[in-house]
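For reference, the structure is listed below as structure tokens.
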Number of protein chains: 2
Amino acid sequence: MNYYPASIQNVIKNISRLPGIGEKTAERLALHILKAPRIEAEHLARSIVELKDKIRLCTSCFALSDSDLCSICSDPARDKSLLCVVEQPADMVSVEKSGAFRGLYHILSGVLSPMNGVGPNDIKIRELISRLKDGRVKEIVLATGTNVEGEATASYLAQLLEKFPVKVTRIASGVPMGGDLKYVDQVTLKRAMETRHSV
Amino acid sequence: MNYYPASIQNVIKNISRLPGIGEKTAERLALHILKAPRIEAEHLARSIVELKDKIRLCTSCFALSDSDLCSICSDPARDKSLLCVVEQPADMVSVEKSGAFRGLYHILSGVLSPMNGVGPNDIKIRELISRLKDGRVKEIVLATGTNVEGEATASYLAQLLEKFPVKVTRIASGVPMGGDLKYVDQVTLKRAMETRHSV
């Protein structure tokens, strides 16, 4: 790396700090930026700084947003009686991409994890409960992950929500679409069998 | 992508313009930058802009440099009688990393390629010749690539340099170190056989 002039070394160092980008890739990207039009480098640099300036959390659902209320929470066409609870903003994006959900979201900003010292007060559970106060929400879809922590969080929430007049559902887990049964792991297949439904 | 607020979409778009970075990776990097400390994002952005501001070509060897003369050309410890001719700045870095060369470089900034309309006047050949005027250079090592264009450029230069009182050499090509003969392609093995040397 010290075979390059200082300003190239500097950008290589900064790029290789990004996750999944090694020094070799960082070197390639730095040399590309060097060759690319000046305007392209400036746009890249500016968008990175603007990202830190502009993005905040939606005050209602805690999604990433450019304004106080995110575009989904402020969309009059969304079904406000449906709430989908996810762990992280990226999970919300995945559900959105599926096109199968037209309600609102609630981003927990984490998952219960006693091993890492994350308890119910460290994630947005209190905020979820307070969204139920006005009685508009009729169904809560628990869409946390299907790993140990996601499952535990879903169970905890299901129990907690029992005393509220809402229907609580959990996204189905089972054999992925296009999947071949012989390649599916046994835990997934067991779950698929247990939660089978009539057709 | 349009599931994110505009400033995230913007940074994803700009990052995914970089070579070898798809939209999915760009999304992951953007979300990382969002979470990372502000100072880290600012350093990244600033180093990108500085790169375009500071880097120029060394007036002697055409390497990337922070100043008029690059650190190698201005290093009194380098052997000025030896000149290694490479295609691109990154090739120079590779030779430097090998630690096997203590002379100066000459970066052609390209390679002869009639198919792409690149002729002798389009790369730094005239500049190479003018570096031979003062008679200090005793040996020129041709270290262009071993592909068709690199080989053709090396042949062209070897012929051109015949009329100058310099020794012209070509880096060896053959079986890579640590290589198993059964995995080496036939062209490489043929070359290795033809250029065998006594031990």
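The chains in the structure tokens are called A, B, ... from first to last as shown; in each chain the residues are counted from 1, and the ligands are counted from 1 in the order shown.
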Checklist entry - Which residues, written as JSON, numbers by chain, have at least one atom at most 9 Å from Ser16 (chain B), with only C-alpha atoms counted and residues fewer than 6 positions away on the same chain left out? => result {"B": [22, 23, 24, 25, 26, 27]}
Could I get the residues of chain B with an atom no further than 8 Å from an atom of chain A, each paired with its nearest atom pair and that distance in Å to one decimal, using only C-alpha atoms, sorted by chain and residue number, as CSV?
```
residue,atom,partner,partner_atom,distance
B:Tyr3,CA,A:Val93,CA,6.0
B:Tyr4,CA,A:Leu64,CA,7.4
B:Pro5,CA,A:Ser65,CA,5.5
B:Ala6,CA,A:Asp66,CA,7.1
B:Ser7,CA,A:Leu51,CA,5.6
B:Ile8,CA,A:Leu51,CA,6.2
B:Asn10,CA,A:Ser47,CA,6.3
B:Val11,CA,A:Ser47,CA,5.1
B:Asn14,CA,A:Leu44,CA,5.3
B:Ile15,CA,A:Leu44,CA,6.8
B:Leu18,CA,A:Leu29,CA,6.7
B:Pro19,CA,A:Leu29,CA,7.0
B:Leu29,CA,A:Leu18,CA,6.6
B:His32,CA,A:Leu18,CA,7.3
B:Ile33,CA,A:Ile48,CA,7.6
B:Leu34,CA,A:Lys52,CA,6.1
B:Arg38,CA,A:Lys52,CA,6.5
B:Glu40,CA,A:Asn14,CA,7.8
B:Ala41,CA,A:Val49,CA,6.4
B:Glu42,CA,A:Val49,CA,6.1
B:His43,CA,A:Asn14,CA,7.1
B:Leu44,CA,A:Asn14,CA,5.3
B:Ala45,CA,A:Ala45,CA,4.1
B:Arg46,CA,A:Ala45,CA,6.8
B:Ser47,CA,A:Val11,CA,5.1
B:Ile48,CA,A:Val11,CA,6.0
B:Val49,CA,A:Glu42,CA,6.1
B:Glu50,CA,A:Ser7,CA,6.8
B:Leu51,CA,A:Ser7,CA,5.6
B:Lys52,CA,A:Leu34,CA,6.1
B:Lys54,CA,A:Ser7,CA,7.0
B:Ile55,CA,A:Ser7,CA,7.2
B:Leu64,CA,A:Pro5,CA,7.0
B:Ser65,CA,A:Pro5,CA,5.5
B:Asp66,CA,A:Pro5,CA,5.8
B:Ser71,CA,A:Pro5,CA,7.8
B:Val93,CA,A:Tyr3,CA,5.9
B:Glu96,CA,A:Tyr3,CA,7.0
B:Lys97,CA,A:Tyr3,CA,7.7
```
How would the residues just chosen look if you wrote them out with N, CA and C atoms as a JSON list (two decimals), in the first residue's frame?
```json
[["chain", "number", "residue", "atom", "x", "y", "z"],
["B", 3, "TYR", "N", -37.27, 1.83, -2.07],
["B", 3, "TYR", "CA", -37.90, 1.61, -0.77],
["B", 3, "TYR", "C", -37.17, 2.41, 0.29],
["B", 4, "TYR", "N", -36.01, 2.98, -0.08],
["B", 4, "TYR", "CA", -35.24, 3.79, 0.86],
["B", 4, "TYR", "C", -35.50, 5.27, 0.64],
["B", 5, "PRO", "N", -35.26, 6.09, 1.66],
["B", 5, "PRO", "CA", -35.37, 7.55, 1.47],
["B", 5, "PRO", "C", -34.36, 8.02, 0.42],
["B", 6, "ALA", "N", -34.62, 9.20, -0.18],
["B", 6, "ALA", "CA", -33.83, 9.69, -1.32],
["B", 6, "ALA", "C", -32.33, 9.74, -1.04],
["B", 7, "SER", "N", -31.92, 10.18, 0.15],
["B", 7, "SER", "CA", -30.47, 10.34, 0.36],
["B", 7, "SER", "C", -29.77, 8.99, 0.45],
["B", 8, "ILE", "N", -30.48, 7.94, 0.88],
["B", 8, "ILE", "CA", -29.88, 6.60, 0.87],
["B", 8, "ILE", "C", -29.83, 6.08, -0.57],
["B", 10, "ASN", "N", -29.55, 7.75, -3.16],
["B", 10, "ASN", "CA", -28.53, 8.50, -3.85],
["B", 10, "ASN", "C", -27.14, 7.90, -3.62],
["B", 11, "VAL", "N", -26.84, 7.57, -2.37],
["B", 11, "VAL", "CA", -25.53, 7.01, -2.08],
["B", 11, "VAL", "C", -25.42, 5.59, -2.64],
["B", 14, "ASN", "N", -24.64, 5.99, -6.33],
["B", 14, "ASN", "CA", -23.26, 6.42, -6.58],
["B", 14, "ASN", "C", -22.25, 5.32, -6.28],
["B", 15, "ILE", "N", -22.50, 4.55, -5.22],
["B", 15, "ILE", "CA", -21.56, 3.47, -4.87],
["B", 15, "ILE", "C", -21.64, 2.36, -5.92],
["B", 18, "LEU", "N", -19.38, 2.14, -9.00],
["B", 18, "LEU", "CA", -17.99, 1.68, -8.92],
["B", 18, "LEU", "C", -17.90, 0.29, -9.53],
["B", 19, "PRO", "N", -16.76, -0.05, -10.13],
["B", 19, "PRO", "CA", -16.66, -1.33, -10.83],
["B", 19, "PRO", "C", -16.69, -2.51, -9.86],
["B", 29, "LEU", "N", -23.17, -1.36, 1.96],
["B", 29, "LEU", "CA", -22.18, -0.35, 2.32],
["B", 29, "LEU", "C", -22.86, 0.94, 2.79],
["B", 32, "HIS", "N", -24.01, 0.56, 6.18],
["B", 32, "HIS", "CA", -22.87, 0.58, 7.11],
["B", 32, "HIS", "C", -22.43, 2.01, 7.38],
["B", 33, "ILE", "N", -22.34, 2.81, 6.30],
["B", 33, "ILE", "CA", -21.91, 4.20, 6.46],
["B", 33, "ILE", "C", -22.88, 4.95, 7.37],
["B", 34, "LEU", "N", -24.15, 4.62, 7.21],
["B", 34, "LEU", "CA", -25.19, 5.25, 8.01],
["B", 34, "LEU", "C", -24.98, 4.98, 9.50],
["B", 38, "ARG", "N", -19.80, 9.52, 12.34],
["B", 38, "ARG", "CA", -19.83, 10.59, 11.36],
["B", 38, "ARG", "C", -18.43, 10.91, 10.81],
["B", 40, "GLU", "N", -15.95, 9.03, 10.36],
["B", 40, "GLU", "CA", -15.47, 8.03, 9.41],
["B", 40, "GLU", "C", -16.02, 8.33, 8.00],
["B", 41, "ALA", "N", -17.31, 8.69, 7.94],
["B", 41, "ALA", "CA", -17.93, 9.01, 6.66],
["B", 41, "ALA", "C", -17.29, 10.26, 6.07],
["B", 42, "GLU", "N", -16.99, 11.22, 6.94],
["B", 42, "GLU", "CA", -16.38, 12.47, 6.44],
["B", 42, "GLU", "C", -14.98, 12.22, 5.91],
["B", 43, "HIS", "N", -14.22, 11.39, 6.61],
["B", 43, "HIS", "CA", -12.87, 11.06, 6.13],
["B", 43, "HIS", "C", -12.93, 10.39, 4.77],
["B", 44, "LEU", "N", -13.86, 9.45, 4.64],
["B", 44, "LEU", "CA", -14.01, 8.74, 3.38],
["B", 44, "LEU", "C", -14.32, 9.72, 2.26],
["B", 45, "ALA", "N", -15.32, 10.58, 2.50],
["B", 45, "ALA", "CA", -15.74, 11.54, 1.48],
["B", 45, "ALA", "C", -14.60, 12.49, 1.13],
["B", 46, "ARG", "N", -13.90, 12.99, 2.16],
["B", 46, "ARG", "CA", -12.84, 13.96, 1.91],
["B", 46, "ARG", "C", -11.69, 13.32, 1.13],
["B", 47, "SER", "N", -11.34, 12.07, 1.49],
["B", 47, "SER", "CA", -10.21, 11.44, 0.81],
["B", 47, "SER", "C", -10.52, 11.20, -0.66],
["B", 48, "ILE", "N", -11.80, 10.98, -0.98],
["B", 48, "ILE", "CA", -12.20, 10.77, -2.38],
["B", 48, "ILE", "C", -12.00, 12.05, -3.18],
["B", 49, "VAL", "N", -12.41, 13.18, -2.60],
["B", 49, "VAL", "CA", -12.27, 14.45, -3.32],
["B", 49, "VAL", "C", -10.80, 14.85, -3.42],
["B", 50, "GLU", "N", -10.06, 14.63, -2.34],
["B", 50, "GLU", "CA", -8.63, 14.98, -2.34],
["B", 50, "GLU", "C", -7.86, 14.20, -3.39],
["B", 51, "LEU", "N", -8.29, 12.96, -3.58],
["B", 51, "LEU", "CA", -7.65, 12.10, -4.57],
["B", 51, "LEU", "C", -7.65, 12.80, -5.92],
["B", 52, "LYS", "N", -8.82, 13.36, -6.29],
["B", 52, "LYS", "CA", -8.93, 14.03, -7.58],
["B", 52, "LYS", "C", -8.13, 15.33, -7.59],
["B", 54, "LYS", "N", -5.29, 16.10, -5.74],
["B", 54, "LYS", "CA", -3.85, 16.06, -5.51],
["B", 54, "LYS", "C", -3.04, 15.23, -6.48],
["B", 55, "ILE", "N", -3.67, 14.14, -6.97],
["B", 55, "ILE", "CA", -2.87, 13.22, -7.76],
["B", 55, "ILE", "C", -2.59, 13.75, -9.17],
["B", 64, "LEU", "N", 1.71, 7.68, -10.80],
["B", 64, "LEU", "CA", 0.81, 8.53, -10.02],
["B", 64, "LEU", "C", 1.64, 9.15, -8.91],
["B", 65, "SER", "N", 1.43, 10.43, -8.67],
["B", 65, "SER", "CA", 2.28, 11.11, -7.70],
["B", 65, "SER", "C", 1.54, 12.26, -7.04],
["B", 66, "ASP", "N", 1.98, 12.62, -5.82],
["B", 66, "ASP", "CA", 1.45, 13.79, -5.11],
["B", 66, "ASP", "C", 2.20, 15.06, -5.52],
["B", 71, "SER", "N", 7.95, 9.71, -5.77],
["B", 71, "SER", "CA", 8.88, 9.38, -4.69],
["B", 71, "SER", "C", 10.01, 8.46, -5.17],
["B", 93, "VAL", "N", 3.29, -0.86, -9.13],
["B", 93, "VAL", "CA", 3.11, -1.23, -7.73],
["B", 93, "VAL", "C", 3.37, -2.73, -7.53],
["B", 96, "GLU", "N", 7.08, -3.26, -7.56],
["B", 96, "GLU", "CA", 7.62, -2.74, -6.30],
["B", 96, "GLU", "C", 7.39, -3.73, -5.16],
["B", 97, "LYS", "N", 6.17, -4.29, -5.11],
["B", 97, "LYS", "CA", 5.85, -5.22, -4.04],
["B", 97, "LYS", "C", 6.74, -6.46, -4.07]]
```
Next on the checklist: I'd like to know which of A:Ala172, A:Val137, A:Leu160, A:Ala192 is closest to His106 (chain A), using only C-alpha atoms.
Outcome noted: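 Looking at the shortest contact to His106 (chain A), the residue is A:Val137.
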Checklist entry - Given the choices B:Cys84, B:Ala152, B:Lys167, B:Asn147, which gets closest to Thr188 (chain B) if the distance is worked out from only C-alpha atoms? => result B:Asn147
Item to check | Those in chain A with helix (DSSP H, G or I) from DSSP, as a ChimeraX atom specification | outcome: /A:6-16,23-35,38-54,89-98,114-116,120-122,125-130,148-163,181-183,186-194
Item to check | Shell of 12 Å around region 193-197 of chain B, only C-alpha atoms, local chain residues under 5 positions omitted, as an MDAnalysis selection string | outcome: chainID B and resid 170:175 181 186:188
I need the residues from that last selection saved to file as a compact mmCIF listing (two decimals), in the first residue's frame (with N, CA and C atoms), if you can.
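Just written: again.txt:
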```txt
# COMPACT_ATOMS: atom_id res chain seq x y z
N ARG B 170 13.65 -8.70 -21.14
CA ARG B 170 12.21 -8.92 -20.98
C ARG B 170 12.03 -9.77 -19.73
N ILE B 171 11.05 -9.45 -18.88
CA ILE B 171 10.81 -10.29 -17.71
C ILE B 171 10.48 -11.71 -18.18
N ALA B 172 10.91 -12.70 -17.39
CA ALA B 172 10.67 -14.09 -17.76
C ALA B 172 9.20 -14.43 -17.63
N SER B 173 8.71 -15.33 -18.49
CA SER B 173 7.38 -15.88 -18.22
C SER B 173 7.51 -17.39 -18.20
N GLY B 174 6.68 -18.05 -17.45
CA GLY B 174 6.76 -19.50 -17.31
C GLY B 174 5.82 -19.97 -16.22
N VAL B 175 6.13 -21.10 -15.67
CA VAL B 175 5.27 -21.71 -14.64
C VAL B 175 5.29 -20.83 -13.38
N LEU B 181 2.66 -28.52 -12.47
CA LEU B 181 2.74 -28.56 -13.94
C LEU B 181 1.45 -29.01 -14.60
N GLN B 186 -0.97 -24.76 -21.69
CA GLN B 186 0.05 -25.23 -22.61
C GLN B 186 0.91 -24.11 -23.18
N VAL B 187 0.31 -22.93 -23.39
CA VAL B 187 1.08 -21.82 -23.94
C VAL B 187 2.18 -21.41 -22.95
N THR B 188 1.81 -21.37 -21.67
CA THR B 188 2.78 -21.00 -20.63
C THR B 188 3.89 -22.05 -20.54
```
Checklist entry - When you draw a straight line from CA of Lys138 (chain B) to CA of Glu87 (chain B), how long is it in Å? => result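 According to the coordinates, CA of Lys138 (chain B) and CA of Glu87 (chain B) are separated by 20.4 Å.
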Checklist entry - Any idea what's packed within 10 Å of Gly145 (chain A), counting only C-alpha atoms, ignoring anything in its chain fewer than 2 positions away? Could you give it as a list in words? => result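 Listing them by chain and then by number gives Val86, Glu87, Gln88, Asp91, Val111, Leu142, Ala143, Asn147, Val148, Glu149, Gly150, Glu151, Ala152, Thr153, Ala154, Ile171 and Ser173 of chain A.
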What are the DSSP strand (DSSP E or B) residues of region 26-167 of chain B, as an mmCIF file with N, CA, C and O atoms, in the first residue's frame?
```cif
data_model
loop_
_atom_site.group_PDB
_atom_site.id
_atom_site.type_symbol
_atom_site.label_atom_id
_atom_site.label_comp_id
_atom_site.auth_asym_id
_atom_site.auth_seq_id
_atom_site.Cartn_x
_atom_site.Cartn_y
_atom_site.Cartn_z
ATOM 1 N N ARG B 56 -1.351 13.708 -9.570
ATOM 2 C CA ARG B 56 -0.994 14.024 -10.968
ATOM 3 C C ARG B 56 -0.001 12.955 -11.418
ATOM 4 O O ARG B 56 0.335 12.046 -10.658
ATOM 5 N N LEU B 57 0.501 13.086 -12.633
ATOM 6 C CA LEU B 57 1.496 12.117 -13.124
ATOM 7 C C LEU B 57 2.893 12.674 -12.925
ATOM 8 O O LEU B 57 3.133 13.861 -13.164
ATOM 9 N N LEU B 64 1.705 7.678 -10.803
ATOM 10 C CA LEU B 64 0.813 8.528 -10.020
ATOM 11 C C LEU B 64 1.639 9.152 -8.913
ATOM 12 O O LEU B 64 2.441 8.476 -8.270
ATOM 13 N N SER B 65 1.430 10.432 -8.670
ATOM 14 C CA SER B 65 2.280 11.114 -7.703
ATOM 15 C C SER B 65 1.544 12.264 -7.036
ATOM 16 O O SER B 65 0.608 12.830 -7.587
ATOM 17 N N ASP B 79 18.666 2.931 -8.414
ATOM 18 C CA ASP B 79 19.655 2.762 -9.479
ATOM 19 C C ASP B 79 19.143 3.396 -10.777
ATOM 20 O O ASP B 79 18.253 2.868 -11.428
ATOM 21 N N LYS B 80 19.721 4.522 -11.152
ATOM 22 C CA LYS B 80 19.213 5.277 -12.306
ATOM 23 C C LYS B 80 19.672 4.718 -13.645
ATOM 24 O O LYS B 80 19.315 5.232 -14.708
ATOM 25 N N SER B 81 20.463 3.640 -13.608
ATOM 26 C CA SER B 81 20.903 3.038 -14.874
ATOM 27 C C SER B 81 19.925 1.953 -15.350
ATOM 28 O O SER B 81 20.057 1.410 -16.427
ATOM 29 N N LEU B 82 18.940 1.655 -14.497
ATOM 30 C CA LEU B 82 17.973 0.599 -14.793
ATOM 31 C C LEU B 82 16.585 1.201 -14.976
ATOM 32 O O LEU B 82 16.116 1.961 -14.124
ATOM 33 N N LEU B 83 15.910 0.827 -16.058
ATOM 34 C CA LEU B 83 14.565 1.363 -16.303
ATOM 35 C C LEU B 83 13.615 0.201 -16.556
ATOM 36 O O LEU B 83 13.865 -0.633 -17.426
ATOM 37 N N CYS B 84 12.530 0.137 -15.799
ATOM 38 C CA CYS B 84 11.549 -0.923 -15.992
ATOM 39 C C CYS B 84 10.317 -0.329 -16.679
ATOM 40 O O CYS B 84 9.687 0.585 -16.144
ATOM 41 N N VAL B 85 9.977 -0.841 -17.851
ATOM 42 C CA VAL B 85 8.855 -0.303 -18.620
ATOM 43 C C VAL B 85 7.595 -1.111 -18.328
ATOM 44 O O VAL B 85 7.568 -2.325 -18.567
ATOM 45 N N VAL B 86 6.566 -0.460 -17.788
ATOM 46 C CA VAL B 86 5.309 -1.157 -17.504
ATOM 47 C C VAL B 86 4.149 -0.442 -18.189
ATOM 48 O O VAL B 86 4.309 0.676 -18.682
ATOM 49 N N GLY B 103 15.592 -0.093 -9.618
ATOM 50 C CA GLY B 103 15.852 0.978 -10.575
ATOM 51 C C GLY B 103 14.673 1.937 -10.664
ATOM 52 O O GLY B 103 13.884 2.050 -9.735
ATOM 53 N N LEU B 104 14.557 2.629 -11.786
ATOM 54 C CA LEU B 104 13.445 3.547 -12.009
ATOM 55 C C LEU B 104 12.431 2.894 -12.954
ATOM 56 O O LEU B 104 12.709 1.859 -13.556
ATOM 57 N N TYR B 105 11.269 3.534 -13.068
ATOM 58 C CA TYR B 105 10.208 2.994 -13.921
ATOM 59 C C TYR B 105 9.915 3.926 -15.091
ATOM 60 O O TYR B 105 10.275 5.106 -15.066
ATOM 61 N N HIS B 106 9.233 3.368 -16.071
ATOM 62 C CA HIS B 106 8.627 4.207 -17.100
ATOM 63 C C HIS B 106 7.238 3.637 -17.374
ATOM 64 O O HIS B 106 7.122 2.495 -17.827
ATOM 65 N N ILE B 107 6.221 4.417 -17.068
ATOM 66 C CA ILE B 107 4.850 3.931 -17.255
ATOM 67 C C ILE B 107 4.341 4.390 -18.626
ATOM 68 O O ILE B 107 4.204 5.581 -18.886
ATOM 69 N N SER B 113 -2.324 -1.196 -29.333
ATOM 70 C CA SER B 113 -3.514 -1.980 -29.612
ATOM 71 C C SER B 113 -4.184 -1.466 -30.877
ATOM 72 O O SER B 113 -5.085 -0.625 -30.809
ATOM 73 N N VAL B 118 -4.932 2.304 -30.754
ATOM 74 C CA VAL B 118 -3.840 2.845 -29.949
ATOM 75 C C VAL B 118 -2.512 2.551 -30.650
ATOM 76 O O VAL B 118 -2.104 1.387 -30.756
ATOM 77 N N GLU B 139 20.226 -0.310 -18.920
ATOM 78 C CA GLU B 139 19.379 -1.470 -19.204
ATOM 79 C C GLU B 139 17.910 -1.102 -19.106
ATOM 80 O O GLU B 139 17.487 -0.399 -18.179
ATOM 81 N N ILE B 140 17.143 -1.592 -20.066
ATOM 82 C CA ILE B 140 15.693 -1.388 -20.032
ATOM 83 C C ILE B 140 15.019 -2.753 -19.889
ATOM 84 O O ILE B 140 15.232 -3.647 -20.708
ATOM 85 N N VAL B 141 14.246 -2.935 -18.832
ATOM 86 C CA VAL B 141 13.525 -4.193 -18.608
ATOM 87 C C VAL B 141 12.108 -4.018 -19.116
ATOM 88 O O VAL B 141 11.355 -3.180 -18.593
ATOM 89 N N LEU B 142 11.730 -4.772 -20.123
ATOM 90 C CA LEU B 142 10.372 -4.657 -20.657
ATOM 91 C C LEU B 142 9.440 -5.519 -19.800
ATOM 92 O O LEU B 142 9.539 -6.744 -19.809
ATOM 93 N N LYS B 167 21.058 -2.132 -23.032
ATOM 94 C CA LYS B 167 20.727 -3.554 -23.021
ATOM 95 C C LYS B 167 19.209 -3.619 -22.844
ATOM 96 O O LYS B 167 18.654 -2.910 -21.998
#
```
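Taking CA of Val166 (chain B) as the reference point, CA of Gly117 (chain B) is found at 29.3 Å.
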Checklist entry - Excluding same-chain residues fewer than 5 positions from Glu127 (chain A), what lies within 12 Å of it counting only C-alpha atoms, as a list in words? => result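 The contact residues come out as Thr59, Ser60, Cys61, Phe62, Val85, His106, Ile107, Leu108, Ser109, Pro120, Asn121, Asp122, Leu132 and Lys133 of chain A.
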